[in-house]
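Source file: start-v3.pdb (PDB, C-alpha atoms, pLDDT in the B column)
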```pdb
ATOM      1  CA  MET O1282      24.898  11.526  12.723  1.00 51.00           C
ATOM      2  CA  LYS O1283      25.250  12.269  16.419  1.00 66.00           C
ATOM      3  CA  ASP O1284      22.000  14.199  16.839  1.00 68.00           C
ATOM      4  CA  GLY O1285      18.536  13.965  15.334  1.00 67.00           C
ATOM      5  CA  PRO O1286      16.491  11.023  14.024  1.00 75.00           C
ATOM      6  CA  ASP O1287      18.214   7.639  14.145  1.00 75.00           C
ATOM      7  CA  ILE O1288      17.816   6.619  10.509  1.00 83.00           C
ATOM      8  CA  ALA O1289      20.440   3.900  10.965  1.00 88.00           C
ATOM      9  CA  ARG O1290      18.119   2.088  13.404  1.00 88.00           C
ATOM     10  CA  ILE O1291      15.222   2.111  10.911  1.00 89.00           C
ATOM     11  CA  ALA O1292      17.512   1.117   8.041  1.00 89.00           C
ATOM     12  CA  ALA O1293      18.922  -1.802  10.042  1.00 89.00           C
ATOM     13  CA  LEU O1294      15.434  -3.061  10.883  1.00 90.00           C
ATOM     14  CA  ILE O1295      14.336  -3.000   7.250  1.00 90.00           C
ATOM     15  CA  GLY O1296      17.687  -4.149   5.872  1.00 87.00           C
ATOM     16  CA  ASP O1297      17.592  -7.698   7.189  1.00 88.00           C
ATOM     17  CA  PRO O1298      16.277  -9.949   4.351  1.00 87.00           C
ATOM     18  CA  GLY O1299      13.942 -11.873   6.638  1.00 88.00           C
ATOM     19  CA  ARG O1300      12.429  -8.751   8.148  1.00 90.00           C
ATOM     20  CA  ALA O1301      12.212  -7.125   4.712  1.00 89.00           C
ATOM     21  CA  ASN O1302      10.169 -10.087   3.455  1.00 88.00           C
ATOM     22  CA  MET O1303       7.868  -9.846   6.453  1.00 89.00           C
ATOM     23  CA  LEU O1304       7.312  -6.131   5.926  1.00 90.00           C
ATOM     24  CA  ALA O1305       6.648  -6.669   2.234  1.00 86.00           C
ATOM     25  CA  ALA O1306       4.010  -9.264   3.105  1.00 85.00           C
ATOM     26  CA  MET O1307       2.299  -6.788   5.419  1.00 86.00           C
ATOM     27  CA  MET O1308       2.076  -4.289   2.555  1.00 84.00           C
ATOM     28  CA  SER O1309      -1.113  -6.170   1.673  1.00 78.00           C
ATOM     29  CA  GLY O1310      -2.744  -4.307   4.548  1.00 76.00           C
ATOM     30  CA  LYS O1311      -3.763  -7.578   6.180  1.00 77.00           C
ATOM     31  CA  ALA O1312      -2.924  -8.579   9.733  1.00 82.00           C
ATOM     32  CA  LEU O1313      -0.829 -11.747   9.598  1.00 85.00           C
ATOM     33  CA  THR O1314       0.159 -14.337  12.173  1.00 87.00           C
ATOM     34  CA  ALA O1315       3.731 -15.075  13.188  1.00 88.00           C
ATOM     35  CA  ARG O1316       3.480 -18.442  11.438  1.00 87.00           C
ATOM     36  CA  GLU O1317       2.366 -16.825   8.187  1.00 85.00           C
ATOM     37  CA  LEU O1318       5.156 -14.284   8.396  1.00 88.00           C
ATOM     38  CA  ALA O1319       7.725 -16.990   9.152  1.00 88.00           C
ATOM     39  CA  GLY O1320       6.658 -18.643   5.903  1.00 84.00           C
ATOM     40  CA  GLU O1321       7.021 -15.362   4.011  1.00 81.00           C
ATOM     41  CA  ALA O1322      10.503 -14.858   5.429  1.00 83.00           C
ATOM     42  CA  GLY O1323      11.570 -18.480   5.043  1.00 83.00           C
ATOM     43  CA  VAL O1324      12.740 -18.692   8.652  1.00 85.00           C
ATOM     44  CA  SER O1325      11.917 -20.764  11.718  1.00 88.00           C
ATOM     45  CA  SER O1326       9.176 -19.755  14.136  1.00 85.00           C
ATOM     46  CA  GLN O1327      11.770 -18.826  16.761  1.00 88.00           C
ATOM     47  CA  THR O1328      13.673 -16.594  14.346  1.00 89.00           C
ATOM     48  CA  ALA O1329      10.419 -15.010  13.169  1.00 88.00           C
ATOM     49  CA  SER O1330       9.482 -14.237  16.762  1.00 88.00           C
ATOM     50  CA  GLY O1331      12.764 -12.384  17.260  1.00 90.00           C
ATOM     51  CA  HIS O1332      12.295 -10.421  14.032  1.00 91.00           C
ATOM     52  CA  LEU O1333       8.764  -9.415  15.008  1.00 91.00           C
ATOM     53  CA  GLN O1334       9.876  -8.253  18.448  1.00 90.00           C
ATOM     54  CA  ASN O1335      12.540  -6.061  16.836  1.00 90.00           C
ATOM     55  CA  LEU O1336      10.104  -4.596  14.318  1.00 91.00           C
ATOM     56  CA  GLU O1337       7.534  -3.930  17.024  1.00 91.00           C
ATOM     57  CA  SER O1338      10.025  -2.261  19.352  1.00 90.00           C
ATOM     58  CA  GLY O1339      11.212  -0.133  16.436  1.00 89.00           C
ATOM     59  CA  GLY O1340       7.679   1.101  15.815  1.00 90.00           C
ATOM     60  CA  LEU O1341       7.373  -0.360  12.312  1.00 91.00           C
ATOM     61  CA  ILE O1342       4.604  -2.846  13.120  1.00 91.00           C
ATOM     62  CA  THR O1343       1.838  -3.256  15.650  1.00 89.00           C
ATOM     63  CA  ARG O1344       0.505  -6.353  17.371  1.00 91.00           C
ATOM     64  CA  GLU O1345      -3.179  -7.181  17.742  1.00 87.00           C
ATOM     65  CA  ARG O1346      -4.351  -9.797  20.219  1.00 85.00           C
ATOM     66  CA  GLN O1347      -7.510 -11.817  19.702  1.00 80.00           C
ATOM     67  CA  GLY O1348      -7.770 -14.409  22.426  1.00 76.00           C
ATOM     68  CA  ARG O1349      -4.719 -16.630  22.220  1.00 79.00           C
ATOM     69  CA  HIS O1350      -3.825 -15.424  18.751  1.00 80.00           C
ATOM     70  CA  HIS O1351      -1.495 -12.568  17.858  1.00 85.00           C
ATOM     71  CA  TYR O1352      -1.665 -10.726  14.543  1.00 89.00           C
ATOM     72  CA  PHE O1353       0.831  -8.266  13.093  1.00 91.00           C
ATOM     73  CA  ARG O1354       0.387  -5.387  10.660  1.00 88.00           C
ATOM     74  CA  LEU O1355       2.293  -2.300   9.542  1.00 89.00           C
ATOM     75  CA  ALA O1356       2.143   0.480  12.107  1.00 87.00           C
ATOM     76  CA  ASP O1357       0.755   3.120   9.755  1.00 85.00           C
ATOM     77  CA  ALA O1358       0.674   4.567   6.243  1.00 81.00           C
ATOM     78  CA  ASP O1359       4.041   6.292   6.800  1.00 84.00           C
ATOM     79  CA  VAL O1360       5.739   2.896   7.106  1.00 87.00           C
ATOM     80  CA  ALA O1361       3.934   1.635   4.004  1.00 84.00           C
ATOM     81  CA  GLY O1362       4.965   4.745   2.079  1.00 81.00           C
ATOM     82  CA  LEU O1363       8.595   4.286   3.082  1.00 85.00           C
ATOM     83  CA  LEU O1364       8.576   0.659   1.963  1.00 86.00           C
ATOM     84  CA  GLU O1365       6.979   1.476  -1.396  1.00 80.00           C
ATOM     85  CA  THR O1366       9.559   4.226  -1.927  1.00 81.00           C
ATOM     86  CA  LEU O1367      12.385   1.810  -1.140  1.00 84.00           C
ATOM     87  CA  MET O1368      10.902  -0.698  -3.590  1.00 80.00           C
ATOM     88  CA  GLY O1369      10.867   2.023  -6.239  1.00 73.00           C
ATOM     89  CA  LEU O1370      14.467   2.967  -5.526  1.00 75.00           C
ATOM     90  CA  ALA O1371      15.555  -0.675  -5.655  1.00 75.00           C
ATOM     91  CA  ALA O1372      13.828  -1.142  -9.008  1.00 70.00           C
ATOM     92  CA  LYS O1373      15.352   2.072 -10.380  1.00 69.00           C
ATOM     93  CA  LYS O1374      18.846   0.978  -9.324  1.00 70.00           C
ATOM     94  CA  GLY O1375      18.413  -2.472 -10.846  1.00 68.00           C
ATOM     95  CA  GLN O1376      18.164  -4.296  -7.522  1.00 65.00           C
ATOM     96  CA  LEU O1377      15.535  -6.740  -8.736  1.00 64.00           C
ATOM     97  CA  ARG O1378      14.662 -10.284  -7.920  1.00 62.00           C
ATOM     98  CA  THR O1379      13.870 -12.728 -10.689  1.00 54.00           C
ATOM     99  CA  ARG O1380      10.148 -12.543 -11.356  1.00 51.00           C
ATOM    100  CA  THR O1381       8.409 -14.478 -14.097  1.00 44.00           C
ATOM    101  CA  GLY O1382       4.957 -15.716 -14.910  1.00 47.00           C
ATOM    102  CA  PRO O1383       1.472 -14.215 -15.223  1.00 50.00           C
ATOM    103  CA  ARG O1384       1.285 -13.036 -11.615  1.00 60.00           C
ATOM    104  CA  ASP O1385       4.200 -10.720 -12.242  1.00 77.00           C
ATOM    105  CA  ALA O1386       2.248  -8.905 -14.954  1.00 83.00           C
ATOM    106  CA  GLU O1387      -0.871  -8.837 -12.799  1.00 87.00           C
ATOM    107  CA  LEU O1388       1.061  -7.364  -9.869  1.00 84.00           C
ATOM    108  CA  ARG O1389       2.286  -4.557 -12.064  1.00 86.00           C
ATOM    109  CA  HIS O1390      -1.152  -3.950 -13.565  1.00 91.00           C
ATOM    110  CA  ALA O1391      -3.049  -3.464 -10.298  1.00 93.00           C
ATOM    111  CA  ARG O1392      -2.163  -4.227  -6.702  1.00 91.00           C
ATOM    112  CA  VAL O1393      -2.911  -3.025  -3.214  1.00 89.00           C
ATOM    113  CA  CYS O1394      -0.329  -0.796  -1.561  1.00 86.00           C
ATOM    114  CA  TYR O1395      -1.263  -1.004   2.116  1.00 81.00           C
ATOM    115  CA  ASN O1396      -4.829   0.320   1.642  1.00 85.00           C
ATOM    116  CA  HIS O1397      -4.890   2.000  -1.775  1.00 90.00           C
ATOM    117  CA  LEU O1398      -4.566   1.112  -5.455  1.00 93.00           C
ATOM    118  CA  ALA O1399      -1.113   0.852  -7.024  1.00 90.00           C
ATOM    119  CA  GLY O1400       0.368  -0.438 -10.263  1.00 90.00           C
ATOM    120  CA  ASP O1401      -0.313   1.001 -13.701  1.00 91.00           C
ATOM    121  CA  MET O1402      -4.031   1.315 -12.882  1.00 94.00           C
ATOM    122  CA  GLY O1403      -3.244   3.350  -9.779  1.00 93.00           C
ATOM    123  CA  VAL O1404      -0.810   5.595 -11.642  1.00 92.00           C
ATOM    124  CA  ALA O1405      -3.314   6.123 -14.481  1.00 93.00           C
ATOM    125  CA  LEU O1406      -5.963   7.085 -11.927  1.00 95.00           C
ATOM    126  CA  PHE O1407      -3.614   9.579 -10.233  1.00 94.00           C
ATOM    127  CA  ASP O1408      -2.616  11.198 -13.534  1.00 93.00           C
ATOM    128  CA  THR O1409      -6.266  11.473 -14.615  1.00 94.00           C
ATOM    129  CA  LEU O1410      -7.428  13.045 -11.352  1.00 93.00           C
ATOM    130  CA  LEU O1411      -4.686  15.668 -11.623  1.00 91.00           C
ATOM    131  CA  ALA O1412      -5.508  16.407 -15.272  1.00 92.00           C
ATOM    132  CA  GLN O1413      -9.216  16.746 -14.471  1.00 93.00           C
ATOM    133  CA  GLY O1414      -8.585  19.169 -11.625  1.00 91.00           C
ATOM    134  CA  VAL O1415      -9.927  16.738  -9.036  1.00 91.00           C
ATOM    135  CA  LEU O1416      -6.544  16.933  -7.337  1.00 91.00           C
ATOM    136  CA  LYS O1417      -4.268  19.948  -7.138  1.00 89.00           C
ATOM    137  CA  ALA O1418      -0.594  19.885  -6.264  1.00 85.00           C
ATOM    138  CA  GLU O1419       0.737  22.873  -4.333  1.00 82.00           C
ATOM    139  CA  GLY O1420       4.418  22.472  -3.612  1.00 76.00           C
ATOM    140  CA  ASP O1421       4.856  19.237  -1.722  1.00 74.00           C
ATOM    141  CA  GLU O1422       1.177  19.091  -0.752  1.00 82.00           C
ATOM    142  CA  LEU O1423      -1.720  17.498  -2.589  1.00 88.00           C
ATOM    143  CA  HIS O1424      -5.294  18.703  -2.184  1.00 88.00           C
ATOM    144  CA  LEU O1425      -8.767  17.532  -3.153  1.00 89.00           C
ATOM    145  CA  THR O1426     -10.445  20.451  -4.932  1.00 91.00           C
ATOM    146  CA  GLU O1427     -14.084  21.529  -4.639  1.00 90.00           C
ATOM    147  CA  LEU O1428     -14.634  19.958  -8.045  1.00 91.00           C
ATOM    148  CA  GLY O1429     -13.060  16.784  -6.709  1.00 90.00           C
ATOM    149  CA  GLU O1430     -15.262  16.733  -3.635  1.00 89.00           C
ATOM    150  CA  ALA O1431     -18.352  17.053  -5.832  1.00 89.00           C
ATOM    151  CA  GLN O1432     -17.154  14.252  -8.105  1.00 90.00           C
ATOM    152  CA  MET O1433     -16.439  11.906  -5.201  1.00 90.00           C
ATOM    153  CA  ARG O1434     -19.912  12.563  -3.756  1.00 90.00           C
ATOM    154  CA  ALA O1435     -21.488  11.916  -7.164  1.00 91.00           C
ATOM    155  CA  LEU O1436     -19.701   8.585  -7.396  1.00 91.00           C
ATOM    156  CA  GLY O1437     -20.817   7.651  -3.876  1.00 90.00           C
ATOM    157  CA  ILE O1438     -17.277   7.340  -2.549  1.00 88.00           C
ATOM    158  CA  SER O1439     -17.120   7.406   1.232  1.00 81.00           C
ATOM    159  CA  ILE O1440     -14.111   9.042   2.852  1.00 79.00           C
ATOM    160  CA  ASP O1441     -13.181   8.353   6.467  1.00 70.00           C
ATOM    161  CA  GLN O1442     -13.580  11.672   8.271  1.00 72.00           C
ATOM    162  CA  LYS O1443     -12.343  10.395  11.631  1.00 73.00           C
ATOM    163  CA  SER O1444      -8.912   9.293  10.490  1.00 71.00           C
ATOM    164  CA  ARG O1445      -5.956  11.604  11.100  1.00 75.00           C
ATOM    165  CA  ALA O1446      -4.344  10.458   7.857  1.00 75.00           C
ATOM    166  CA  PRO O1447      -4.028  13.138   5.160  1.00 80.00           C
ATOM    167  CA  MET O1448      -6.879  13.345   2.655  1.00 85.00           C
ATOM    168  CA  CYS O1449      -4.523  12.961  -0.311  1.00 89.00           C
ATOM    169  CA  ARG O1450      -0.921  11.910  -0.510  1.00 85.00           C
ATOM    170  CA  GLU O1451       1.433  10.909  -3.300  1.00 84.00           C
ATOM    171  CA  CYS O1452       3.025   7.482  -3.013  1.00 82.00           C
ATOM    172  CA  LEU O1453       5.872   6.460  -5.306  1.00 78.00           C
ATOM    173  CA  ASP O1454       4.893   3.369  -7.263  1.00 78.00           C
ATOM    174  CA  TRP O1455       7.742   0.853  -7.287  1.00 72.00           C
ATOM    175  CA  SER O1456       6.848  -0.751 -10.640  1.00 74.00           C
ATOM    176  CA  GLU O1457       5.814   2.391 -12.549  1.00 73.00           C
ATOM    177  CA  ARG O1458       8.319   4.671 -10.769  1.00 74.00           C
ATOM    178  CA  ARG O1459       5.674   7.388 -10.774  1.00 81.00           C
ATOM    179  CA  SER O1460       3.107   8.444  -8.217  1.00 83.00           C
ATOM    180  CA  HIS O1461      -0.191   6.869  -7.280  1.00 89.00           C
ATOM    181  CA  LEU O1462      -2.785   8.161  -4.821  1.00 91.00           C
ATOM    182  CA  ALA O1463      -2.626   7.363  -1.111  1.00 87.00           C
ATOM    183  CA  GLY O1464      -4.310   8.914   1.902  1.00 87.00           C
ATOM    184  CA  ARG O1465      -7.965   8.738   2.921  1.00 88.00           C
ATOM    185  CA  LEU O1466      -9.138   9.414  -0.629  1.00 92.00           C
ATOM    186  CA  GLY O1467      -6.982   6.613  -2.028  1.00 91.00           C
ATOM    187  CA  ARG O1468      -8.415   4.222   0.521  1.00 90.00           C
ATOM    188  CA  GLY O1469     -11.975   5.369  -0.188  1.00 92.00           C
ATOM    189  CA  ILE O1470     -11.542   4.794  -3.910  1.00 94.00           C
ATOM    190  CA  LEU O1471     -10.149   1.288  -3.424  1.00 94.00           C
ATOM    191  CA  ASP O1472     -13.010   0.433  -1.048  1.00 92.00           C
ATOM    192  CA  HIS O1473     -15.423   1.731  -3.692  1.00 94.00           C
ATOM    193  CA  ILE O1474     -13.817  -0.469  -6.355  1.00 95.00           C
ATOM    194  CA  TYR O1475     -14.386  -3.519  -4.166  1.00 95.00           C
ATOM    195  CA  ALA O1476     -17.922  -2.475  -3.212  1.00 93.00           C
ATOM    196  CA  GLN O1477     -18.910  -2.031  -6.859  1.00 94.00           C
ATOM    197  CA  GLY O1478     -17.596  -5.501  -7.669  1.00 95.00           C
ATOM    198  CA  TRP O1479     -15.238  -4.118 -10.290  1.00 96.00           C
ATOM    199  CA  ALA O1480     -12.266  -5.968  -8.818  1.00 95.00           C
ATOM    200  CA  SER O1481     -11.267  -8.220  -5.942  1.00 92.00           C
ATOM    201  CA  ARG O1482      -8.090  -9.211  -4.141  1.00 89.00           C
ATOM    202  CA  VAL O1483      -6.440 -12.435  -5.223  1.00 88.00           C
ATOM    203  CA  PRO O1484      -6.126 -14.514  -2.023  1.00 82.00           C
ATOM    204  CA  ASP O1485      -2.697 -14.467  -0.359  1.00 77.00           C
ATOM    205  CA  THR O1486      -1.331 -11.871  -2.794  1.00 82.00           C
ATOM    206  CA  ARG O1487      -1.342  -8.102  -3.268  1.00 84.00           C
ATOM    207  CA  ILE O1488      -2.909  -8.464  -6.709  1.00 89.00           C
ATOM    208  CA  VAL O1489      -6.115  -6.534  -7.385  1.00 92.00           C
ATOM    209  CA  ARG O1490      -7.804  -8.389 -10.253  1.00 93.00           C
ATOM    210  CA  PHE O1491     -10.333  -6.441 -12.301  1.00 95.00           C
ATOM    211  CA  SER O1492     -12.937  -8.278 -14.335  1.00 95.00           C
ATOM    212  CA  LYS O1493     -13.170  -7.198 -17.974  1.00 93.00           C
ATOM    213  CA  THR O1494     -16.437  -5.348 -17.384  1.00 95.00           C
ATOM    214  CA  GLY O1495     -15.195  -4.081 -14.018  1.00 94.00           C
ATOM    215  CA  GLU O1496     -12.116  -2.489 -15.544  1.00 94.00           C
ATOM    216  CA  ALA O1497     -14.264  -0.840 -18.209  1.00 95.00           C
ATOM    217  CA  SER O1498     -16.656   0.476 -15.532  1.00 94.00           C
ATOM    218  CA  PHE O1499     -13.774   1.765 -13.404  1.00 94.00           C
ATOM    219  CA  LYS O1500     -12.232   3.607 -16.350  1.00 94.00           C
ATOM    220  CA  ALA O1501     -15.585   5.067 -17.366  1.00 94.00           C
ATOM    221  CA  ALA O1502     -16.387   6.241 -13.824  1.00 93.00           C
ATOM    222  CA  PHE O1503     -13.106   8.115 -13.437  1.00 93.00           C
ATOM    223  CA  GLY O1504     -12.605   9.138 -17.055  1.00 89.00           C
ATOM    224  CA  LEU O1505      -9.432   7.140 -17.631  1.00 87.00           C
TER     225      LEU O1505
END
```

I'd like the structure from this file rewritten - as structure tokens, please.
Amino acid sequence: MKDGPDIARIAALIGDPGRANMLAAMMSGKALTARELAGEAGVSSQTASGHLQNLESGGLITRERQGRHHYFRLADADVAGLLETLMGLAAKKGQLRTRTGPRDAELRHARVCYNHLAGDMGVALFDTLLAQGVLKAEGDELHLTELGEAQMRALGISIDQKSRAPMCRECLDWSERRSHLAGRLGRGILDHIYAQGWASRVPDTRIVRFSKTGEASFKAAFGL
């Protein structure tokens, strides 16, 4: 391609195994240090520094400075959505790593995807909201209906009105290979789940672990 967007540049940045591991780690939505990301990638600090410079210059991550410390996170939800889509494609094509043990099942059940709920719980939520008429799909766009707005207010879910991110957006779930809910509404719902004490993040993972009563409360609140 001689003209237009340079997809080869983006593909090359993501395609390196070390950088791919770093980006996957940042899918947790957390800002991570270069040392933490070096550990995720299994590379030296010097190599990690080079990877991070490349990712930053390519616009895939941003750097935050706090005193002498530097933290890195994904640049925006578009990058997170691309990564989740690539994970879904890799799973569909059989490009899977060996994963065993209870955390594998937990990751598939409920996990954070940048700043919203993914896994089978996220997909079930998305399907339910569509069936209830809370969300409405029009072509490639997804909208929160008047009914949906009323339901979110009744549940006490706060939605960031200052963000430029779309209110609702489909995100392809890599483990379920179906859509879950992203956008400001997806983030608001996940924040609500945490605030209600229904679930919490497992430290140093993307797993969202619901308590038994919390999962029941979540399902009852949204009619799952």

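The shortest atom-to-atom distance to O:Gln1442, with only C-alpha atoms taken into account, belongs to O:Arg1465 out of O:Arg1465, O:Ala1501, O:His1424, O:Ala1361.
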
Taking the file as shown, what set of residues would the PyMOL selection byres ((chain O and resi 1408) around 12) give back, as JSON, numbers by chain? {"O": [1401, 1402, 1403, 1404, 1405, 1406, 1407, 1409, 1410, 1411, 1412, 1413, 1414, 1415, 1416, 1417, 1418, 1451, 1459, 1460, 1461, 1462, 1503, 1504, 1505]}

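Considering the residues O:Ala1463, O:Arg1458, O:Glu1317, O:Ala1497 and counting only C-alpha atoms, O:Lys1374 has its shortest atom-to-atom contact with O:Arg1458.
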
Taking the file as shown, find all residues satisfying the PyMOL selection byres ((chain O and resi 1344) around 10) and write them as a list in words. Ala1312, Leu1313, Thr1314, Leu1333, Gln1334, Glu1337, Ile1342, Thr1343, Glu1345, Arg1346, Gln1347, His1351, Tyr1352, Phe1353, Arg1354, Leu1355 and Ala1356 of chain O

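The space separating atom CA of O:Arg1487 from atom CA of O:Lys1500 comes to 20.7 Å.
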
As an exercise, work out the distance from atom CA of O:Ile1488 to atom CA of O:Leu1388 in Å and give it to one decimal place. 5.2 Å

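One finds atom CA of O:Ala1301 at 10.2 Å from atom CA of O:Leu1336.
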
Given the PyMOL selection byres ((chain O and resi 1496) around 12), the residues it picks as an MDAnalysis selection string: chainID O and resid 1390:1391 1402 1406 1474:1475 1477:1481 1489:1495 1497:1505

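If you measure from each of O:Gly1469, O:Gly1420, O:Gly1369, O:Gly1348 to O:Gly1400 using all atoms listed in the file, the closest one turns out to be O:Gly1369.
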
List as an MDAnalysis selection string the protein and nucleic acid residues near O:Val1324, meaning an atom at most 12 Å away when only C-alpha atoms are counted, but skip any in the same chain fewer than 3 places from it. chainID O and resid 1298:1300 1302:1303 1315:1321 1327:1333

As JSON, please: the centre and edge lengths in Å, to one decimal, of an axis-aligned box enclosing every listed atom of stretch 1302-1317 of chain O with 4 Å added on each side.
```
{"center_x": 3.2, "center_y": -11.4, "center_z": 7.4, "size_x": 21.9, "size_y": 22.2, "size_z": 19.5}
```

Counting all atoms listed in the file, the residue of O:Ala1358, O:Leu1453, O:Ile1470, O:Cys1394 that sits nearest O:Leu1370: O:Leu1453
